[in-house]
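Structure file upload-v4.csv (CSV, C-alpha atoms) follows.
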chain,number,residue,atom,x,y,z
A,1,MET,CA,-9.7,-8.8,-23.8
A,2,SER,CA,-11.6,-7.3,-20.9
A,3,PRO,CA,-14.7,-5.5,-22.2
A,4,PHE,CA,-14.9,-3.4,-19.1
A,5,ILE,CA,-11.7,-1.4,-19.0
A,6,GLU,CA,-12.5,1.0,-21.8
A,7,LEU,CA,-16.1,1.3,-20.8
A,8,THR,CA,-15.2,2.0,-17.1
A,9,ASN,CA,-12.7,4.7,-18.1
A,10,SER,CA,-15.0,6.4,-20.6
A,11,SER,CA,-18.0,6.9,-18.4
A,12,PRO,CA,-17.7,9.1,-15.2
A,13,LEU,CA,-20.6,7.3,-13.6
A,14,LEU,CA,-19.3,3.8,-14.2
A,15,SER,CA,-15.9,4.9,-13.2
A,16,PHE,CA,-17.3,6.2,-9.9
A,17,ILE,CA,-19.2,3.0,-9.2
A,18,THR,CA,-16.2,0.8,-10.0
A,19,ALA,CA,-13.9,2.9,-7.9
A,20,ILE,CA,-16.1,3.0,-4.8
A,21,THR,CA,-17.0,-0.7,-5.0
A,22,ILE,CA,-13.4,-1.8,-5.4
A,23,GLY,CA,-12.5,0.6,-2.5
A,24,ILE,CA,-15.2,-0.9,-0.3
A,25,GLY,CA,-13.8,-4.4,-1.0
A,26,PHE,CA,-10.2,-3.2,-0.4
A,27,GLY,CA,-11.1,-1.6,3.0
A,28,PHE,CA,-13.2,-4.6,4.1
A,29,ALA,CA,-10.3,-7.0,3.2
A,30,LEU,CA,-7.7,-4.9,4.9
A,31,GLU,CA,-9.7,-4.6,8.1
A,32,GLN,CA,-10.7,-8.3,8.2
A,33,ALA,CA,-7.0,-9.1,7.8
A,34,GLY,CA,-6.4,-7.3,11.1
A,35,PHE,CA,-4.5,-4.5,9.4
A,36,SER,CA,-6.4,-1.8,11.3
A,37,SER,CA,-4.0,-2.4,14.2
A,38,SER,CA,-0.5,-0.8,14.1
A,39,ARG,CA,0.7,-3.2,16.8
A,40,LYS,CA,-0.3,-6.2,14.7
A,41,LEU,CA,1.4,-4.7,11.6
A,42,ALA,CA,4.6,-3.8,13.6
A,43,GLY,CA,4.7,-7.4,14.8
A,44,MET,CA,6.1,-8.2,11.3
A,45,PHE,CA,9.3,-6.4,12.1
A,46,TYR,CA,9.8,-7.9,15.6
A,47,GLY,CA,8.6,-11.4,14.7
A,48,TYR,CA,5.7,-11.8,17.1
A,49,ASP,CA,3.0,-11.5,14.4
A,50,THR,CA,3.7,-12.2,10.7
A,51,THR,CA,0.2,-11.6,9.4
A,52,VAL,CA,1.5,-8.9,7.0
A,53,LEU,CA,3.7,-11.4,5.1
A,54,LYS,CA,1.0,-14.0,4.9
A,55,VAL,CA,-1.7,-11.7,3.7
A,56,PHE,CA,0.5,-9.7,1.4
A,57,PHE,CA,2.1,-12.7,-0.5
A,58,THR,CA,-1.2,-14.7,-0.6
A,59,ALA,CA,-2.9,-11.6,-2.2
A,60,ALA,CA,0.0,-11.1,-4.6
A,61,ILE,CA,-0.1,-14.7,-5.8
A,62,VAL,CA,-3.9,-14.8,-6.2
A,63,ALA,CA,-3.7,-11.7,-8.3
A,64,MET,CA,-0.7,-12.9,-10.3
A,65,LEU,CA,-2.3,-16.2,-11.1
A,66,GLY,CA,-5.7,-14.6,-11.7
A,67,THR,CA,-4.2,-12.2,-14.2
A,68,GLN,CA,-2.5,-15.2,-16.0
A,69,PHE,CA,-5.7,-17.2,-16.2
A,70,LEU,CA,-7.7,-14.3,-17.5
A,71,GLN,CA,-5.1,-13.8,-20.2
A,72,TYR,CA,-5.0,-17.5,-21.0
A,73,PHE,CA,-8.8,-17.6,-21.4
A,74,GLY,CA,-8.7,-14.5,-23.6
A,75,MET,CA,-10.6,-12.4,-21.1
A,76,LEU,CA,-7.8,-9.9,-20.6
A,77,GLU,CA,-4.9,-8.5,-22.5
A,78,LEU,CA,-1.9,-7.2,-20.6
A,79,GLU,CA,-1.7,-4.3,-23.0
A,80,GLN,CA,-4.9,-3.0,-21.4
A,81,VAL,CA,-3.4,-3.1,-18.0
A,82,TYR,CA,-1.1,-0.5,-16.3
A,83,ILE,CA,2.4,-1.9,-15.8
A,84,ASN,CA,4.4,0.1,-13.2
A,85,GLN,CA,7.2,2.3,-14.7
A,86,TYR,CA,10.6,1.4,-13.3
A,87,TYR,CA,12.8,4.3,-12.3
A,88,VAL,CA,15.7,2.5,-10.5
A,89,TYR,CA,16.7,5.2,-8.0
A,90,ALA,CA,13.2,6.5,-7.2
A,91,SER,CA,11.9,2.9,-6.5
A,92,VAL,CA,14.8,2.0,-4.2
A,93,ILE,CA,15.2,5.3,-2.3
A,94,GLY,CA,11.4,5.8,-2.1
A,95,GLY,CA,11.1,2.3,-0.8
A,96,VAL,CA,13.8,2.8,1.9
A,97,ILE,CA,12.0,6.0,3.1
A,98,MET,CA,8.7,4.2,3.2
A,99,GLY,CA,10.2,1.4,5.3
A,100,ALA,CA,11.4,3.9,7.9
A,101,GLY,CA,7.9,5.4,7.9
A,102,PHE,CA,6.4,1.9,8.3
A,103,VAL,CA,8.3,1.1,11.5
A,104,MET,CA,7.8,4.6,12.9
A,105,GLY,CA,4.1,4.8,12.3
A,106,GLY,CA,3.1,1.2,12.2
A,107,PHE,CA,0.9,1.7,9.2
A,108,CYS,CA,1.2,2.0,5.4
A,109,PRO,CA,-1.2,4.4,3.8
A,110,GLY,CA,-3.9,1.8,3.0
A,111,THR,CA,-3.8,0.2,6.4
A,112,GLY,CA,-3.8,3.7,8.0
A,113,ILE,CA,-7.0,4.6,6.2
A,114,SER,CA,-8.5,1.2,7.2
A,115,ALA,CA,-7.6,1.9,10.9
A,116,LEU,CA,-9.0,5.4,10.7
A,117,SER,CA,-12.3,3.9,9.5
A,118,ILE,CA,-12.8,2.0,12.7
A,119,GLY,CA,-11.9,5.0,14.9
A,120,LYS,CA,-8.1,4.7,15.6
A,121,ILE,CA,-6.9,8.2,16.6
A,122,ASP,CA,-3.3,7.4,15.9
A,123,ALA,CA,-4.3,6.5,12.4
A,124,LEU,CA,-5.8,10.0,12.0
A,125,PHE,CA,-2.4,11.5,13.0
A,126,TYR,CA,-0.7,9.1,10.6
A,127,ILE,CA,-2.9,10.2,7.6
A,128,LEU,CA,-2.4,13.9,8.6
A,129,GLY,CA,1.4,13.2,8.6
A,130,GLY,CA,0.9,11.5,5.2
A,131,ALA,CA,-0.8,14.6,3.8
A,132,PHE,CA,2.1,16.7,5.2
A,133,GLY,CA,4.6,14.3,3.5
A,134,ALA,CA,2.8,14.7,0.1
A,135,TYR,CA,2.8,18.5,0.5
A,136,LEU,CA,6.5,18.5,1.4
A,137,PHE,CA,7.3,16.4,-1.6
A,138,GLY,CA,5.4,18.8,-3.9
A,139,LEU,CA,7.3,21.8,-2.3
A,140,LEU,CA,10.7,20.1,-2.7
A,141,TYR,CA,9.9,18.6,-6.1
A,142,PRO,CA,12.0,21.1,-8.1
A,143,SER,CA,15.2,19.9,-6.3
A,144,LEU,CA,14.0,16.2,-6.4
A,145,GLU,CA,13.1,16.0,-10.0
A,146,LYS,CA,16.5,14.8,-11.2
A,147,LEU,CA,16.3,11.9,-8.7
A,148,PHE,CA,12.6,11.3,-9.6
A,149,LEU,CA,13.4,10.8,-13.3
A,150,ALA,CA,16.9,9.1,-13.0
A,151,GLY,CA,17.5,5.5,-14.2
A,152,TYR,CA,14.4,5.1,-16.3
A,153,LYS,CA,13.9,1.6,-17.5
A,154,GLY,CA,10.3,1.7,-18.8
A,155,PRO,CA,7.4,-0.6,-17.8
A,156,VAL,CA,9.6,-3.7,-17.5
A,157,LYS,CA,8.6,-7.1,-16.1
A,158,LEU,CA,10.9,-9.0,-13.8
A,159,SER,CA,10.1,-12.2,-15.6
A,160,THR,CA,11.3,-10.7,-18.9
A,161,THR,CA,14.5,-9.3,-17.3
A,162,LEU,CA,15.3,-12.8,-15.8
A,163,GLY,CA,14.6,-14.5,-19.2
A,164,LEU,CA,11.8,-16.6,-17.7
A,165,SER,CA,8.3,-17.2,-18.9
A,166,ASP,CA,5.6,-15.6,-16.7
A,167,GLY,CA,4.4,-19.0,-15.6
A,168,VAL,CA,7.8,-20.3,-14.5
A,169,PHE,CA,8.5,-17.0,-12.8
A,170,ILE,CA,5.2,-17.1,-10.8
A,171,PHE,CA,5.9,-20.7,-9.9
A,172,LEU,CA,9.2,-19.6,-8.4
A,173,VAL,CA,7.5,-16.7,-6.5
A,174,ILE,CA,5.0,-19.3,-5.1
A,175,LEU,CA,7.9,-21.5,-3.9
A,176,ALA,CA,9.6,-18.5,-2.3
A,177,ALA,CA,6.3,-17.6,-0.6
A,178,VAL,CA,5.8,-21.1,0.8
A,179,GLY,CA,9.4,-21.0,2.2
A,180,MET,CA,8.7,-17.6,3.8
A,181,PHE,CA,5.4,-18.8,5.3
A,182,TRP,CA,7.3,-21.7,6.9
A,183,LEU,CA,9.9,-19.3,8.3
A,184,ALA,CA,7.1,-17.0,9.5
A,185,GLU,CA,5.5,-19.7,11.5
A,186,LYS,CA,8.9,-20.5,13.1
A,187,ALA,CA,9.5,-16.8,13.8
A,188,GLU,CA,6.1,-16.4,15.5
A,189,LYS,CA,7.1,-19.2,18.0
A,190,LYS,CA,10.7,-17.9,18.5
A,191,PHE,CA,9.7,-14.3,19.0
A,192,ALA,CA,6.3,-14.9,20.6
A,193,ARG,CA,5.0,-12.1,22.8
A,194,PRO,CA,1.8,-13.5,24.4
A,195,ASP,CA,1.5,-10.3,26.4
A,196,ILE,CA,1.2,-8.2,23.2
A,197,THR,CA,-0.8,-10.7,21.0
A,198,ALA,CA,-3.4,-11.1,23.9
A,199,GLU,CA,-4.2,-7.3,23.5
A,200,LEU,CA,-4.6,-7.4,19.7
B,201,MET,CA,-9.9,-13.7,10.1
B,202,ASN,CA,-7.4,-16.4,9.0
B,203,PRO,CA,-4.6,-14.4,7.3
B,204,TYR,CA,-4.4,-16.7,4.3
B,205,LEU,CA,-8.2,-16.4,3.8
B,206,ALA,CA,-7.9,-12.6,4.1
B,207,GLY,CA,-5.1,-12.7,1.6
B,208,ILE,CA,-7.2,-14.5,-0.9
B,209,MET,CA,-10.0,-12.0,-0.4
B,210,LEU,CA,-7.5,-9.1,-0.9
B,211,GLY,CA,-6.1,-10.8,-4.0
B,212,LEU,CA,-9.5,-11.2,-5.5
B,213,VAL,CA,-10.3,-7.5,-4.9
B,214,LEU,CA,-7.0,-6.6,-6.6
B,215,LEU,CA,-7.8,-8.9,-9.5
B,216,SER,CA,-11.2,-7.3,-9.9
B,217,ALA,CA,-9.5,-3.9,-9.9
B,218,ILE,CA,-7.2,-5.1,-12.7
B,219,TYR,CA,-10.1,-6.7,-14.7
B,220,PHE,CA,-12.6,-3.9,-14.4
B,221,SER,CA,-10.4,-0.8,-14.4
B,222,GLY,CA,-7.1,-1.8,-15.9
B,223,ARG,CA,-5.2,-0.7,-12.9
B,224,GLY,CA,-4.4,-2.1,-9.5
B,225,LEU,CA,-5.2,-0.7,-6.0
B,226,GLY,CA,-3.8,2.5,-4.5
B,227,ALA,CA,-3.8,4.5,-1.3
B,228,SER,CA,-1.1,7.1,-1.1
B,229,GLY,CA,-2.2,8.5,-4.5
B,230,GLY,CA,-5.6,9.3,-3.1
B,231,ILE,CA,-3.9,11.2,-0.2
B,232,LYS,CA,-1.8,13.1,-2.8
B,233,TYR,CA,-4.9,14.2,-4.8
B,234,CYS,CA,-6.6,15.4,-1.6
B,235,VAL,CA,-3.5,17.5,-0.7
B,236,ALA,CA,-3.4,18.9,-4.3
B,237,SER,CA,-7.0,19.8,-4.0
B,238,VAL,CA,-6.5,21.6,-0.6
B,239,VAL,CA,-3.4,23.5,-2.0
B,240,GLY,CA,-5.6,24.4,-5.0
B,241,ALA,CA,-8.4,25.7,-2.9
B,242,LEU,CA,-6.1,27.8,-0.6
B,243,SER,CA,-3.9,29.2,-3.3
B,244,PRO,CA,-5.0,28.5,-6.9
B,245,ASP,CA,-2.0,30.4,-8.4
B,246,ASN,CA,0.5,28.4,-6.4
B,247,ALA,CA,-1.1,25.1,-7.2
B,248,SER,CA,-1.3,25.6,-11.0
B,249,GLY,CA,2.2,27.1,-11.0
B,250,SER,CA,3.6,24.2,-9.0
B,251,LEU,CA,5.9,21.8,-10.9
B,252,TYR,CA,4.4,18.9,-9.0
B,253,PHE,CA,0.8,19.8,-8.2
B,254,GLY,CA,0.2,21.8,-11.4
B,255,LYS,CA,-0.4,18.8,-13.6
B,256,TYR,CA,-3.4,17.8,-11.5
B,257,PHE,CA,-5.2,21.0,-12.5
B,258,GLU,CA,-4.5,20.9,-16.2
B,259,GLY,CA,-7.5,21.5,-18.5
B,260,GLY,CA,-9.7,22.4,-15.5
B,261,ALA,CA,-9.3,19.0,-13.9
B,262,LYS,CA,-10.5,18.6,-10.3
B,263,PRO,CA,-8.1,16.4,-8.3
B,264,LEU,CA,-10.9,15.4,-5.8
B,265,SER,CA,-12.9,13.6,-8.6
B,266,ASN,CA,-9.8,11.4,-9.3
B,267,TRP,CA,-10.4,7.6,-9.4
B,268,LEU,CA,-8.0,7.1,-6.4
B,269,VAL,CA,-9.8,9.6,-4.2
B,270,ILE,CA,-13.1,7.8,-4.8
B,271,GLU,CA,-11.4,4.5,-4.1
B,272,ILE,CA,-10.0,5.6,-0.7
B,273,LEU,CA,-13.5,7.0,0.1
B,274,GLY,CA,-14.7,3.4,-0.6
B,275,LEU,CA,-11.8,2.1,1.5
B,276,LEU,CA,-13.1,4.1,4.5
B,277,ILE,CA,-16.6,2.8,4.0
B,278,GLY,CA,-15.4,-0.8,3.6
B,279,GLY,CA,-13.2,-0.6,6.7
B,280,PHE,CA,-16.1,0.8,8.7
B,281,ILE,CA,-18.5,-2.0,7.5
B,282,SER,CA,-15.9,-4.6,8.5
B,283,GLY,CA,-15.3,-3.0,11.9
B,284,LEU,CA,-19.1,-2.9,12.5
B,285,TYR,CA,-19.4,-6.5,11.4
B,286,SER,CA,-16.6,-7.7,13.7
B,287,GLY,CA,-17.4,-5.3,16.6
B,288,ARG,CA,-14.2,-3.3,16.4
B,289,LEU,CA,-15.5,0.2,16.1
B,290,LYS,CA,-14.0,2.2,18.9
B,291,LEU,CA,-12.3,5.6,19.3
B,292,LYS,CA,-8.9,5.1,20.8
B,293,VAL,CA,-5.2,5.6,20.5
B,294,GLU,CA,-3.7,2.2,20.2
B,295,ARG,CA,-0.3,1.8,21.9
B,296,PRO,CA,1.6,-0.5,24.2
B,297,SER,CA,1.0,0.5,27.9
B,298,HIS,CA,4.6,1.7,28.3
B,299,VAL,CA,4.3,4.2,25.4
B,300,SER,CA,2.5,7.5,26.1
B,301,SER,CA,-0.4,8.7,23.9
B,302,ALA,CA,1.6,11.8,22.9
B,303,ARG,CA,4.6,9.7,21.9
B,304,ARG,CA,2.4,7.3,19.9
B,305,LEU,CA,0.7,10.2,18.1
B,306,LEU,CA,4.0,12.0,17.3
B,307,PHE,CA,5.5,8.8,15.8
B,308,ALA,CA,2.3,8.1,13.9
B,309,PHE,CA,2.5,11.6,12.4
B,310,LEU,CA,6.2,11.2,11.5
B,311,GLY,CA,5.6,7.7,10.1
B,312,GLY,CA,2.9,9.0,7.9
B,313,ALA,CA,5.0,11.9,6.7
B,314,PHE,CA,8.0,9.6,5.8
B,315,PHE,CA,5.8,7.0,4.2
B,316,VAL,CA,3.8,9.2,1.9
B,317,PHE,CA,6.9,11.3,1.0
B,318,GLY,CA,8.6,8.1,0.0
B,319,ALA,CA,5.6,6.9,-1.9
B,320,GLN,CA,5.6,10.1,-4.0
B,321,LEU,CA,9.2,9.4,-5.0
B,322,ALA,CA,8.6,5.7,-5.7
B,323,ARG,CA,5.3,6.4,-7.6
B,324,GLY,CA,3.2,4.3,-5.2
B,325,CYS,CA,3.1,2.8,-1.7
B,326,THR,CA,2.6,-0.8,-0.5
B,327,SER,CA,-0.7,-1.0,-2.4
B,328,GLY,CA,0.0,0.8,-5.7
B,329,ALA,CA,3.7,0.1,-6.2
B,330,ALA,CA,4.5,-3.1,-4.3
B,331,LEU,CA,1.3,-5.2,-4.3
B,332,SER,CA,-0.3,-4.0,-7.5
B,333,GLY,CA,3.1,-3.9,-9.2
B,334,MET,CA,3.9,-7.5,-8.2
B,335,ALA,CA,0.5,-8.7,-9.5
B,336,VAL,CA,1.5,-7.6,-13.0
B,337,LEU,CA,5.1,-8.9,-12.5
B,338,SER,CA,6.6,-5.4,-12.8
B,339,THR,CA,10.2,-5.1,-11.8
B,340,ALA,CA,9.3,-1.8,-10.1
B,341,GLY,CA,6.8,-3.7,-7.9
B,342,PHE,CA,9.3,-6.3,-6.7
B,343,VAL,CA,12.1,-3.8,-6.1
B,344,THR,CA,9.8,-1.4,-4.1
B,345,MET,CA,8.5,-4.3,-2.0
B,346,ILE,CA,12.1,-5.5,-1.2
B,347,ALA,CA,13.2,-1.9,-0.4
B,348,ILE,CA,10.2,-1.2,1.9
B,349,PHE,CA,10.5,-4.4,3.9
B,350,GLY,CA,14.3,-4.5,3.9
B,351,SER,CA,14.4,-0.9,5.2
B,352,ALA,CA,11.8,-1.5,7.8
B,353,TYR,CA,13.8,-4.4,9.2
B,354,GLY,CA,16.9,-2.2,9.1
B,355,PHE,CA,15.2,0.6,11.1
B,356,ALA,CA,13.3,-1.7,13.4
B,357,TRP,CA,16.0,-1.8,16.1
B,358,PHE,CA,16.0,2.0,16.4
B,359,PHE,CA,12.2,2.2,17.1
B,360,ARG,CA,11.9,-1.0,19.2
B,361,LYS,CA,11.0,0.9,22.4
B,362,ASN,CA,7.8,2.1,20.6
B,363,TRP,CA,6.6,-1.4,20.1
B,364,ILE,CA,8.1,-4.1,22.3
Could I get this structure in the form of structure tokens?
Amino acid sequence: MSPFIELTNSSPLLSFITAITIGIGFGFALEQAGFSSSRKLAGMFYGYDTTVLKVFFTAAIVAMLGTQFLQYFGMLELEQVYINQYYVYASVIGGVIMGAGFVMGGFCPGTGISALSIGKIDALFYILGGAFGAYLFGLLYPSLEKLFLAGYKGPVKLSTTLGLSDGVFIFLVILAAVGMFWLAEKAEKKFARPDITAEL
Amino acid sequence: MNPYLAGIMLGLVLLSAIYFSGRGLGASGGIKYCVASVVGALSPDNASGSLYFGKYFEGGAKPLSNWLVIEILGLLIGGFISGLYSGRLKLKVERPSHVSSARRLLFAFLGGAFFVFGAQLARGCTSGAALSGMAVLSTAGFVTMIAIFGSAYGFAWFFRKNWI
């Protein structure tokens, strides 16, 4: 098991140091990936730049495999780790609303903050809009609560639902990602916009 | 930076978050706690009585000291260091030349509002629900990821004039 999790969560000082250090790494990685540019991010939806797919799936696979290895070597127990709760309707409808926001604003919240950190004024408006969205949700929560709590399935794993071992499931995710990386390279050629990518 | 290399770096940051704190990364949650804090400062009665924001003040808790708020403070610092390192620090409204600044800022605001509203419903955004959720193989993570990207492709045609 990880000796750090309980320690981190029991000491306010350690918790602060961990949170800020991980945040710095997070911000650095997002900005180095080029995610501080809305035009680069939006390229994902028009095909001229597929960095989002490459970074996102590479990161997911590294973290998935890393978590498996840490468990295998007895350095982590999954019981110690937060597994996202699955509420069917909230996940799907929330995701659809987020997708609309993504293509309107060109950022997701993490990349918006990363863009704000290097001085993008549009990112400042994005984050202010985000604060308004959170406020609006709080205001409307009494009428949204039913939807928020509907279709609760618990902290389920997709591998379990599909009846696969975690290892086989991750292997299939890697195969799918390699297929998508190949398609992404083709898309970047087919939908190339040298006029846009030259300005990024 | 090469996107696959940046992806490995982001994956290792996420793995460290899981190993050292037992939870993944988050961004929209930090924004929510900041909003809760502002609501609490402006109108304490409304905040503690709110069905949604009330729980963040229980037992005298201060939403601004939440883990996610500290993490997005770090996110700002890390992004700034990277921008400094790569010479990208610059105040500007980024937009294609055929899109006015006012239009870009309006759509940025709307996009943020939609995204963070949706993230409250789905209990996390691209970071907390999709990426971190997928790392621990949660069904919620995969479903949210497919919903976000599927929907963005579905809506892309309507907003194409803002980008291409």
Next on the checklist: Counting all atoms listed in the file, which residues sit no farther than 12 Å from the position (6.4, -17.4, -6.8) in the file's frame? I'd like them as an MDAnalysis selection string.
Outcome noted: (chainID A and resid 57:65 158:159 166:180) or (chainID B and resid 334:335 337 342)
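CA of Phe307 (chain B) is found 26.1 Å from CA of Val343 (chain B).
The residue that comes closest to Ser2 (chain A), out of B:Leu205, B:Val235, B:Gly333, B:Phe220 and on the basis of all atoms listed in the file, is B:Phe220.
Counting from CA of Glu294 (chain B), the distance to CA of Cys108 (chain A) is 15.6 Å.
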Next on the checklist: So, with all atoms listed in the file as the atoms that count, which of B:Pro296, B:Gly278, B:Gly328, B:Pro263 lies closest to Gly27 (chain A)?
Outcome noted: B:Gly278
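The space separating CA of Ala313 (chain B) from CA of Ser228 (chain B) comes to 11.0 Å.
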Taking 3 positions as the minimum chain separation for residues in the same chain, which residues sit within 7 Å of region 51-53 of chain A when counting all atoms listed in the file? Answer as a JSON list (two decimals) with C-alpha atoms, in the frame of the given file.
[["chain", "number", "residue", "atom", "x", "y", "z"],
["A", 41, "LEU", "CA", 1.40, -4.70, 11.60],
["A", 44, "MET", "CA", 6.10, -8.20, 11.30],
["A", 56, "PHE", "CA", 0.50, -9.70, 1.40],
["A", 57, "PHE", "CA", 2.10, -12.70, -0.50],
["B", 203, "PRO", "CA", -4.60, -14.40, 7.30]]
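Taking only C-alpha atoms, the non-local environment of Ser265 (chain B) within 12 Å (same-chain residues fewer than 5 positions away omitted) comprises A:Pro12, A:Leu13, A:Ser15, A:Phe16, A:Ala19, A:Ile20, B:Gly230, B:Tyr233, B:Cys234, B:Ala236, B:Ser237, B:Tyr256, B:Phe257, B:Gly260, B:Ile270, B:Glu271, B:Ile272, B:Leu273.
By chain and then residue number, the residues within 8 Å of Cys325 (chain B) are Met98, Cys108 and Pro109 of chain A; Gly226, Ala227, Ser228, Phe315, Val316, Gly318, Ala319, Ala322, Arg323, Ser327, Gly328, Ala329 and Ala330 of chain B, counting all atoms listed in the file and disregarding those fewer than 2 positions away in sequence.
Closest approach to chain A among B:Asn246, B:Ser216, B:Ser338, B:Asn202: B:Ser338, based on only C-alpha atoms.
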Item to check | Within 12 Å of Lys361 (chain B) using all atoms listed in the file, minus same-chain residues under 5 positions, as a list in words | outcome: Ala42, Tyr46, Val103 and Met104 of chain A; Arg295, Pro296, Ser297, His298, Val299, Ser300, Arg303, Arg304, Phe307 and Ala356 of chain B
Next on the checklist: Just want the 10 Å neighbourhood of Leu116 (chain A), counted on all atoms listed in the file, with same-chain residues fewer than 4 positions away dropped. Output as a ChimeraX atom specification.
Outcome noted: /A:36-37,110-112,120-127 /B:276,279-280,289,291
Next on the checklist: Counting all atoms listed in the file, which residue out of B:Leu310, B:Ala302, B:Ile364, B:Ala340 sits closest to Phe107 (chain A)?
Outcome noted: B:Leu310
Checklist outcome for this item: Ile118 (chain A) proximity check over A:Gly94, A:Pro194, A:Gly74, A:Gly34, using all atoms listed in the file: winner is A:Gly34
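Using all atoms listed in the file, the shortest contact distance between Thr50 (chain A) and any of A:Ala33, A:Ile17, A:Gly66, A:Leu78 is found at A:Ala33.
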Completed region 237-256 of chain B (N, CA and C atoms) as a CSV table (one decimal), in the frame of the given file:
chain,number,residue,atom,x,y,z
B,237,SER,N,-5.8,19.1,-3.9
B,237,SER,CA,-7.0,19.8,-4.0
B,237,SER,C,-7.1,20.9,-2.9
B,238,VAL,N,-6.5,20.6,-1.7
B,238,VAL,CA,-6.5,21.6,-0.6
B,238,VAL,C,-5.6,22.8,-1.0
B,239,VAL,N,-4.4,22.4,-1.6
B,239,VAL,CA,-3.4,23.5,-2.0
B,239,VAL,C,-4.1,24.3,-3.1
B,240,GLY,N,-4.9,23.7,-4.0
B,240,GLY,CA,-5.6,24.4,-5.0
B,240,GLY,C,-6.6,25.4,-4.5
B,241,ALA,N,-7.3,24.9,-3.4
B,241,ALA,CA,-8.4,25.7,-2.9
B,241,ALA,C,-7.8,26.9,-2.1
B,242,LEU,N,-6.7,26.7,-1.4
B,242,LEU,CA,-6.1,27.8,-0.6
B,242,LEU,C,-5.4,28.8,-1.5
B,243,SER,N,-4.7,28.3,-2.5
B,243,SER,CA,-3.9,29.2,-3.3
B,243,SER,C,-3.8,28.7,-4.7
B,244,PRO,N,-4.9,29.0,-5.5
B,244,PRO,CA,-5.0,28.5,-6.9
B,244,PRO,C,-3.7,28.8,-7.7
B,245,ASP,N,-3.1,30.0,-7.6
B,245,ASP,CA,-2.0,30.4,-8.4
B,245,ASP,C,-0.8,29.5,-8.1
B,246,ASN,N,-0.6,29.3,-6.8
B,246,ASN,CA,0.5,28.4,-6.4
B,246,ASN,C,0.4,27.0,-6.9
B,247,ALA,N,-0.9,26.5,-6.8
B,247,ALA,CA,-1.1,25.1,-7.2
B,247,ALA,C,-0.9,24.9,-8.7
B,248,SER,N,-1.5,25.8,-9.5
B,248,SER,CA,-1.3,25.6,-11.0
B,248,SER,C,0.1,25.9,-11.4
B,249,GLY,N,0.8,26.8,-10.7
B,249,GLY,CA,2.2,27.1,-11.0
B,249,GLY,C,3.2,26.0,-10.5
B,250,SER,N,2.7,25.2,-9.6
B,250,SER,CA,3.6,24.2,-9.0
B,250,SER,C,4.1,23.1,-10.0
B,251,LEU,N,5.4,22.8,-10.0
B,251,LEU,CA,5.9,21.8,-10.9
B,251,LEU,C,5.3,20.5,-10.6
B,252,TYR,N,4.9,20.2,-9.3
B,252,TYR,CA,4.4,18.9,-9.0
B,252,TYR,C,2.9,18.8,-9.0
B,253,PHE,N,2.3,19.8,-8.4
B,253,PHE,CA,0.8,19.8,-8.2
B,253,PHE,C,0.1,20.4,-9.5
B,254,GLY,N,0.8,21.2,-10.3
B,254,GLY,CA,0.2,21.8,-11.4
B,254,GLY,C,-0.5,20.9,-12.4
B,255,LYS,N,0.1,19.7,-12.6
B,255,LYS,CA,-0.4,18.8,-13.6
B,255,LYS,C,-1.8,18.3,-13.2
B,256,TYR,N,-2.1,18.3,-11.9
B,256,TYR,CA,-3.4,17.8,-11.5
B,256,TYR,C,-4.5,18.8,-11.8
